[in-house]
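A.B. asks: Next comes the structure file run-v7.txt, holding compact mmCIF, C-alpha atoms.
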# COMPACT_ATOMS: atom_id res chain seq x y z
CA MET A 1 -21.79 -6.93 -7.42
CA ILE A 2 -18.11 -6.80 -6.45
CA ARG A 3 -15.93 -7.01 -9.54
CA ALA A 4 -12.58 -5.77 -8.24
CA VAL A 5 -10.51 -5.90 -5.07
CA PHE A 6 -8.03 -3.12 -4.35
CA PHE A 7 -5.39 -3.49 -1.65
CA ASP A 8 -3.29 -1.24 0.52
CA LEU A 9 0.37 -2.30 0.53
CA ASP A 10 2.17 -1.30 3.74
CA GLY A 11 0.93 -3.25 6.75
CA THR A 12 -1.57 -5.06 4.56
CA LEU A 13 -0.10 -7.05 1.66
CA VAL A 14 3.41 -6.68 3.08
CA ARG A 15 4.56 -6.33 6.69
CA TYR A 16 8.15 -5.25 7.33
CA HIS A 17 8.87 -5.97 10.97
CA GLY A 18 10.72 -3.59 13.23
CA VAL A 19 9.86 -0.37 11.37
CA ALA A 20 7.05 2.15 11.76
CA PHE A 21 3.73 0.98 10.35
CA GLU A 22 5.46 -2.15 8.95
CA SER A 23 6.03 0.01 5.89
CA THR A 24 8.08 -0.03 2.72
CA TRP A 25 9.28 3.47 3.66
CA GLY A 26 10.58 2.30 7.02
CA ALA A 27 12.28 -0.76 5.54
CA LEU A 28 13.90 1.35 2.82
CA GLY A 29 15.21 3.93 5.26
CA ALA A 30 16.71 1.27 7.49
CA ALA A 31 18.35 -0.50 4.54
CA ALA A 32 19.81 2.77 3.24
CA GLY A 33 21.27 3.64 6.64
CA VAL A 34 19.09 6.72 7.19
CA GLY A 35 16.52 5.17 9.51
CA PRO A 36 17.05 7.56 12.47
CA LEU A 37 16.71 10.59 10.18
CA TRP A 38 13.54 9.15 8.68
CA ASP A 39 12.15 8.58 12.17
CA GLU A 40 12.81 12.25 12.96
CA LEU A 41 10.92 13.28 9.82
CA LEU A 42 8.06 10.93 10.72
CA ASP A 43 7.75 12.52 14.17
CA ARG A 44 7.84 16.01 12.66
CA TYR A 45 5.13 15.30 10.09
CA ARG A 46 2.97 12.90 12.12
CA GLY A 47 -0.71 13.81 11.84
CA ARG A 48 -0.13 16.39 9.09
CA LEU A 49 -1.74 14.46 6.23
CA ASP A 50 -1.87 17.39 3.84
CA GLU A 51 1.92 17.80 4.09
CA TYR A 52 2.62 14.20 3.12
CA PRO A 53 4.11 15.19 -0.28
CA ASN A 54 6.70 17.30 1.57
CA TRP A 55 7.51 14.36 3.86
CA VAL A 56 8.05 12.14 0.81
CA ARG A 57 10.33 14.66 -0.84
CA GLU A 58 12.42 15.14 2.30
CA ASN A 59 12.78 11.38 2.64
CA ALA A 60 13.77 11.11 -1.01
CA ALA A 61 16.45 13.77 -0.54
CA LEU A 62 18.09 11.63 2.16
CA LEU A 63 18.56 8.87 -0.41
CA ARG A 64 20.43 10.98 -2.96
CA GLY A 65 23.36 8.96 -4.29
CA VAL A 66 22.50 5.72 -2.47
CA PRO A 67 22.89 2.69 -4.79
CA VAL A 68 19.58 0.95 -5.41
CA ALA A 69 21.38 -2.40 -5.15
CA ARG A 70 22.28 -1.64 -1.53
CA VAL A 71 18.61 -1.66 -0.41
CA MET A 72 17.20 -4.41 -2.60
CA PRO A 73 18.15 -7.40 -0.37
CA ALA A 74 16.23 -5.87 2.56
CA LEU A 75 13.15 -5.05 0.47
CA LEU A 76 12.72 -7.98 -1.90
CA PRO A 77 11.18 -10.43 -1.84
CA PRO A 78 8.82 -8.62 0.51
CA PRO A 79 7.44 -10.23 3.67
CA TYR A 80 3.88 -11.02 2.63
CA ALA A 81 1.18 -11.06 5.26
CA PRO A 82 -0.11 -14.55 6.13
CA GLY A 83 -2.11 -16.08 3.29
CA VAL A 84 -1.53 -13.31 0.74
CA PRO A 85 -0.23 -15.36 -2.25
CA GLU A 86 -2.89 -18.04 -1.86
CA ALA A 87 -5.80 -15.63 -1.35
CA LEU A 88 -4.88 -13.41 -4.28
CA THR A 89 -4.36 -16.39 -6.56
CA GLU A 90 -7.84 -17.59 -5.64
CA LEU A 91 -9.38 -14.17 -6.28
CA ARG A 92 -7.59 -13.81 -9.61
CA ARG A 93 -8.74 -17.24 -10.77
CA ALA A 94 -12.30 -16.29 -9.81
CA GLY A 95 -12.10 -13.40 -12.28
CA TYR A 96 -11.78 -10.41 -9.97
CA ILE A 97 -9.69 -7.43 -11.05
CA LEU A 98 -6.92 -6.95 -8.48
CA GLY A 99 -4.75 -3.93 -7.83
CA ILE A 100 -2.76 -1.90 -5.32
CA VAL A 101 -3.41 1.69 -4.23
CA SER A 102 -0.76 2.65 -1.70
CA SER A 103 1.11 5.57 -0.21
CA GLY A 104 4.11 3.25 -0.02
CA VAL A 105 7.04 2.85 -2.38
CA SER A 106 6.47 1.84 -6.01
CA LEU A 107 9.74 -0.11 -6.05
CA VAL A 108 8.00 -2.72 -3.87
CA ALA A 109 4.48 -2.21 -5.19
CA GLU A 110 5.57 -2.98 -8.76
CA TRP A 111 7.46 -6.08 -7.64
CA VAL A 112 4.34 -7.33 -5.85
CA ARG A 113 2.19 -6.53 -8.89
CA ARG A 114 4.38 -8.68 -11.10
CA ASP A 115 4.86 -11.44 -8.53
CA LEU A 116 1.13 -11.86 -7.84
CA ALA A 117 -0.02 -11.06 -11.40
CA LEU A 118 -2.14 -8.07 -10.37
CA SER A 119 -3.71 -5.74 -12.89
CA PHE A 120 -2.14 -2.51 -11.62
CA ALA A 121 -0.23 -0.84 -8.81
CA VAL A 122 -0.25 2.86 -7.95
CA ALA A 123 2.29 4.04 -5.36
CA ASN A 124 4.88 6.74 -4.83
CA GLU A 125 7.98 6.65 -7.03
CA LEU A 126 11.57 7.33 -6.01
CA LEU A 127 13.50 8.39 -9.09
CA THR A 128 16.76 6.70 -10.03
CA ALA A 129 19.56 7.23 -12.54
CA ALA A 130 22.61 5.09 -13.25
CA GLY A 131 21.57 2.68 -10.51
CA ARG A 132 21.34 5.31 -7.75
CA PHE A 133 18.53 7.27 -6.15
CA THR A 134 18.47 10.83 -7.44
CA GLY A 135 16.92 12.31 -4.30
CA GLU A 136 13.68 13.11 -6.14
CA ALA A 137 10.22 11.58 -5.85
CA VAL A 138 6.89 11.55 -7.65
CA VAL A 139 3.93 11.53 -5.25
CA ARG A 140 1.10 9.55 -6.80
CA VAL A 141 -0.85 8.62 -3.65
CA GLY A 142 -0.86 11.10 -0.78
CA LEU A 143 -2.06 9.99 2.64
CA ALA A 144 -5.08 12.26 2.29
CA ASP A 145 -5.65 11.43 -1.38
CA LYS A 146 -6.13 7.65 -1.47
CA LEU A 147 -9.86 7.82 -2.18
CA GLY A 148 -9.25 10.05 -5.19
CA VAL A 149 -6.79 7.52 -6.64
CA VAL A 150 -9.27 4.69 -6.02
CA GLU A 151 -11.90 6.72 -7.87
CA GLN A 152 -9.50 7.28 -10.78
CA GLN A 153 -8.71 3.59 -11.07
CA ALA A 154 -12.37 2.64 -10.83
CA SER A 155 -13.22 5.07 -13.62
CA ARG A 156 -10.36 3.76 -15.76
CA LEU A 157 -11.68 0.21 -15.34
CA GLY A 158 -15.29 1.22 -16.02
CA LEU A 159 -16.39 0.36 -12.47
CA SER A 160 -18.46 2.14 -9.87
CA LEU A 161 -17.15 2.35 -6.32
CA ASP A 162 -19.80 -0.03 -5.05
CA GLN A 163 -18.31 -2.71 -7.33
CA ILE A 164 -14.99 -2.50 -5.46
CA ALA A 165 -13.84 -4.22 -2.27
CA PHE A 166 -10.93 -2.58 -0.47
CA VAL A 167 -8.54 -4.16 2.03
CA GLY A 168 -6.55 -1.85 4.30
CA ASP A 169 -5.23 -1.39 7.80
CA HIS A 170 -4.80 2.25 8.78
CA LEU A 171 -6.53 5.59 9.29
CA ASN A 172 -5.97 6.83 5.75
CA ASP A 173 -7.96 3.85 4.48
CA ILE A 174 -11.14 4.94 6.30
CA PRO A 175 -12.36 7.38 3.58
CA VAL A 176 -12.01 4.55 1.06
CA PHE A 177 -13.85 2.13 3.37
CA ARG A 178 -16.78 4.53 3.55
CA ALA A 179 -17.03 4.86 -0.23
CA VAL A 180 -16.60 1.34 -1.63
CA GLY A 181 -18.97 -1.59 -1.85
CA HIS A 182 -17.16 -3.79 0.68
CA ALA A 183 -14.54 -2.70 3.23
CA ILE A 184 -12.23 -5.24 4.85
CA ALA A 185 -9.85 -4.25 7.65
CA TYR A 186 -6.83 -6.52 7.78
CA ALA A 187 -5.03 -6.46 11.17
CA PRO A 188 -6.27 -2.88 11.78
CA LYS A 189 -3.71 -0.66 13.48
CA VAL A 190 -6.26 1.35 15.47
CA PRO A 191 -9.87 0.71 16.60
CA GLU A 192 -11.26 3.39 14.29
CA VAL A 193 -10.19 1.35 11.25
CA ALA A 194 -12.01 -1.75 12.50
CA ALA A 195 -15.11 0.31 13.24
CA ALA A 196 -15.19 1.75 9.71
CA ALA A 197 -14.92 -1.65 8.00
CA ARG A 198 -17.66 -4.15 7.27
CA THR A 199 -15.38 -7.04 8.20
CA VAL A 200 -12.19 -7.45 10.21
CA VAL A 201 -9.69 -10.25 9.51
CA HIS A 202 -6.22 -11.15 10.78
CA HIS A 203 -5.31 -13.56 8.00
CA PHE A 204 -5.91 -13.35 4.24
CA GLN A 205 -7.36 -16.86 4.00
CA PRO A 206 -11.03 -15.80 4.53
CA ILE A 207 -10.89 -12.82 2.16
CA PRO A 208 -11.89 -14.64 -1.07
CA GLU A 209 -15.04 -15.99 0.57
CA LEU A 210 -15.86 -12.58 2.04
CA VAL A 211 -15.57 -11.04 -1.43
CA ARG A 212 -17.68 -13.78 -3.00
CA SER A 213 -20.40 -13.32 -0.36
CA ALA A 214 -20.49 -9.60 -1.16
CA SER A 215 -20.83 -10.34 -4.86
Can I see the file as structure tokens?
C.D. replies:
Amino acid sequence: MIRAVFFDLDGTLVRYHGVAFESTWGALGAAAGVGPLWDELLDRYRGRLDEYPNWVRENAALLRGVPVARVMPALLPPPYAPGVPEALTELRRAGYILGIVSSGVSLVAEWVRRDLALSFAVANELLTAAGRFTGEAVVRVGLADKLGVVEQQASRLGLSLDQIAFVGDHLNDIPVFRAVGHAIAYAPKVPEVAAAARTVVHHFQPIPELVRSAS
């Protein structure tokens, strides 16, 4: 029986247009005025999943001294994917535990958690002091480590993996898809993601019924 639904953030719950992977990282870099440098880092680290923590730290260093207030208007409120608020409200009212496990930025993940009344959000944190980014980061969800974080959250909630549905869109979601009870690919970025999922959707509206049918 499905008792919880965990969501990816970037490209799934939120979709920032005009940046790589529709991601919180891309939107943040553009808002801070370091987008071209972030694109260079993305090209350098592309495909090197195990080095993701280094990519995060190099990105964070580019933000040192940037006022947080400068980026907020471009990040929040985030551009939700079609049907997100309505679908998650329906799932929450039906009694499912809802949460975010994302390699994106916690600044946005926490805002979404509060806005949609989710139970938890785990994402990567950019440290701040006196209203400015310090240039440091805490990596909580590496690209290659998402399944481990899902397992940690399931254990914390007293759930088995087959009691969890997961909604994601990219290659790093595939290990989670293969482990959980119900895998839903939302607007998958590559064919391999669609192939690994039980169901593929391009709008959040059908997700509550898909979860109920799996329960």
A.B. asks: In terms of the shortest atom-to-atom distance over all atoms listed in the file, which of A:Pro206, A:Gly135, A:Pro175, A:Pro188 is closest to A:Leu147?
C.D. replies: A:Pro175
A.B. asks: Could you pull the residues within 7 Å of A:Gly83, counting all atoms listed in the file, minus those fewer than 2 positions along the same chain, as a VMD selection string?
C.D. replies: chain A and resid 81 85 to 87 203 to 205
A.B. asks: Write to file, as a short mmCIF file (atom, residue, chain, number, x, y, z; two decimals), keeping the file's coordinate frame, the residues of the selection just made, with C-alpha atoms.
C.D. replies:
data_model
loop_
_atom_site.label_atom_id
_atom_site.label_comp_id
_atom_site.auth_asym_id
_atom_site.auth_seq_id
_atom_site.Cartn_x
_atom_site.Cartn_y
_atom_site.Cartn_z
CA ALA A 81 1.18 -11.06 5.26
CA PRO A 85 -0.23 -15.36 -2.25
CA GLU A 86 -2.89 -18.04 -1.86
CA ALA A 87 -5.80 -15.63 -1.35
CA HIS A 203 -5.31 -13.56 8.00
CA PHE A 204 -5.91 -13.35 4.24
CA GLN A 205 -7.36 -16.86 4.00
#
A.B. asks: For A:Leu171, which residue out of A:Ala61, A:Val122, A:Ala196, A:Val108 is the nearest one, using only C-alpha atoms?
C.D. replies: A:Ala196
A.B. asks: Rounded to one decimal in Å, what is the spacing between atom CA of A:Gln152 and atom CA of A:Asp173?
C.D. replies: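 These two atoms are separated by 15.7 Å.
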A.B. asks: Tell me which of A:Leu107, A:Ile100, A:Met72, A:Ala195 sits closest to A:Phe166, counting all atoms listed in the file.
C.D. replies: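 Among the listed residues, the smallest separation from A:Phe166 belongs to A:Ile100.
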A.B. asks: Give me, please, the distance in Å between atom CA of A:Ile207 and atom CA of A:Ala74, quoted to one decimal.
C.D. replies: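 Rounded to one decimal, the two atoms are 28.0 Å apart.
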A.B. asks: Residues around (19.7, 6.8, -3.7), cut-off 9 Å, counting only C-alpha atoms - what are they as a PDB file with C-alpha atoms, in the frame of the given file?
C.D. replies:
ATOM      1  CA  ALA A  32      19.810   2.770   3.240  1.00  0.00           C
ATOM      2  CA  ALA A  60      13.770  11.110  -1.010  1.00  0.00           C
ATOM      3  CA  ALA A  61      16.450  13.770  -0.540  1.00  0.00           C
ATOM      4  CA  LEU A  62      18.090  11.630   2.160  1.00  0.00           C
ATOM      5  CA  LEU A  63      18.560   8.870  -0.410  1.00  0.00           C
ATOM      6  CA  ARG A  64      20.430  10.980  -2.960  1.00  0.00           C
ATOM      7  CA  GLY A  65      23.360   8.960  -4.290  1.00  0.00           C
ATOM      8  CA  VAL A  66      22.500   5.720  -2.470  1.00  0.00           C
ATOM      9  CA  PRO A  67      22.890   2.690  -4.790  1.00  0.00           C
ATOM     10  CA  VAL A  68      19.580   0.950  -5.410  1.00  0.00           C
ATOM     11  CA  LEU A 126      11.570   7.330  -6.010  1.00  0.00           C
ATOM     12  CA  LEU A 127      13.500   8.390  -9.090  1.00  0.00           C
ATOM     13  CA  THR A 128      16.760   6.700 -10.030  1.00  0.00           C
ATOM     14  CA  ALA A 129      19.560   7.230 -12.540  1.00  0.00           C
ATOM     15  CA  GLY A 131      21.570   2.680 -10.510  1.00  0.00           C
ATOM     16  CA  ARG A 132      21.340   5.310  -7.750  1.00  0.00           C
ATOM     17  CA  PHE A 133      18.530   7.270  -6.150  1.00  0.00           C
ATOM     18  CA  THR A 134      18.470  10.830  -7.440  1.00  0.00           C
ATOM     19  CA  GLY A 135      16.920  12.310  -4.300  1.00  0.00           C
TER      20      GLY A 135
END
A.B. asks: In Å to one decimal, how far is atom CA of A:Gly181 from atom CA of A:Ser160?
C.D. replies: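 Distance reported for this atom pair: 8.9 Å.
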A.B. asks: Which residues, written as JSON, numbers by chain, have at least one atom at most 7 Å from A:Leu41, with only C-alpha atoms counted and residues fewer than 4 positions away on the same chain left out?
C.D. replies: {"A": [37, 45, 55]}
A.B. asks: Generate a file of the selected residues that holds C-alpha atoms, formatted as a compact mmCIF listing (two decimals), keeping the file's coordinate frame.
C.D. replies:
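Output (out.txt):
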# COMPACT_ATOMS: atom_id res chain seq x y z
CA LEU A 37 16.71 10.59 10.18
CA TYR A 45 5.13 15.30 10.09
CA TRP A 55 7.51 14.36 3.86
A.B. asks: Find the residue from A:Val56, A:Ala4, A:Val201, A:Leu161 that sits nearest to A:Val176; use all atoms listed in the file when measuring.
C.D. replies: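 Closest residue, counting all atoms listed in the file: A:Leu161.
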A.B. asks: Name the residues in contact with A:Ala121 at a cut-off of 10 Å, using only C-alpha atoms, excluding same-chain residues fewer than 3 positions from it; report them as a list in words.
C.D. replies: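 The filter keeps Phe6, Phe7, Asp8, Leu9, Leu98, Gly99, Ile100, Val101, Ser102, Ser106, Val108, Ala109, Glu110, Trp111, Val112, Arg113, Arg114, Leu118, Asn124 and Gln153 of chain A.
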A.B. asks: Which residue, A:Val5, A:Leu116, A:Val14, A:Ala185, has the smallest gap to A:Ala165 when you use only C-alpha atoms?
C.D. replies: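 Under the stated criterion, the closest residue is A:Val5.
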A.B. asks: Would you please work out which residue, of A:Arg57, A:Gly104, A:Asp39, A:Tyr80, is nearest to A:Trp25 when using all atoms listed in the file?
C.D. replies: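 Looking at the shortest contact to A:Trp25, the residue is A:Gly104.
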A.B. asks: So which residues fall inside 9 Å of (2.3, 11.3, -5.3) if we count only C-alpha atoms? Mind giving them as a PDB file with C-alpha atoms, keeping the file's coordinate frame?
C.D. replies:
ATOM      1  CA  TYR A  52       2.620  14.200   3.120  1.00  0.00           C
ATOM      2  CA  PRO A  53       4.110  15.190  -0.280  1.00  0.00           C
ATOM      3  CA  VAL A  56       8.050  12.140   0.810  1.00  0.00           C
ATOM      4  CA  SER A 103       1.110   5.570  -0.210  1.00  0.00           C
ATOM      5  CA  ALA A 123       2.290   4.040  -5.360  1.00  0.00           C
ATOM      6  CA  ASN A 124       4.880   6.740  -4.830  1.00  0.00           C
ATOM      7  CA  GLU A 125       7.980   6.650  -7.030  1.00  0.00           C
ATOM      8  CA  ALA A 137      10.220  11.580  -5.850  1.00  0.00           C
ATOM      9  CA  VAL A 138       6.890  11.550  -7.650  1.00  0.00           C
ATOM     10  CA  VAL A 139       3.930  11.530  -5.250  1.00  0.00           C
ATOM     11  CA  ARG A 140       1.100   9.550  -6.800  1.00  0.00           C
ATOM     12  CA  VAL A 141      -0.850   8.620  -3.650  1.00  0.00           C
ATOM     13  CA  GLY A 142      -0.860  11.100  -0.780  1.00  0.00           C
ATOM     14  CA  ASP A 145      -5.650  11.430  -1.380  1.00  0.00           C
TER      15      ASP A 145
END
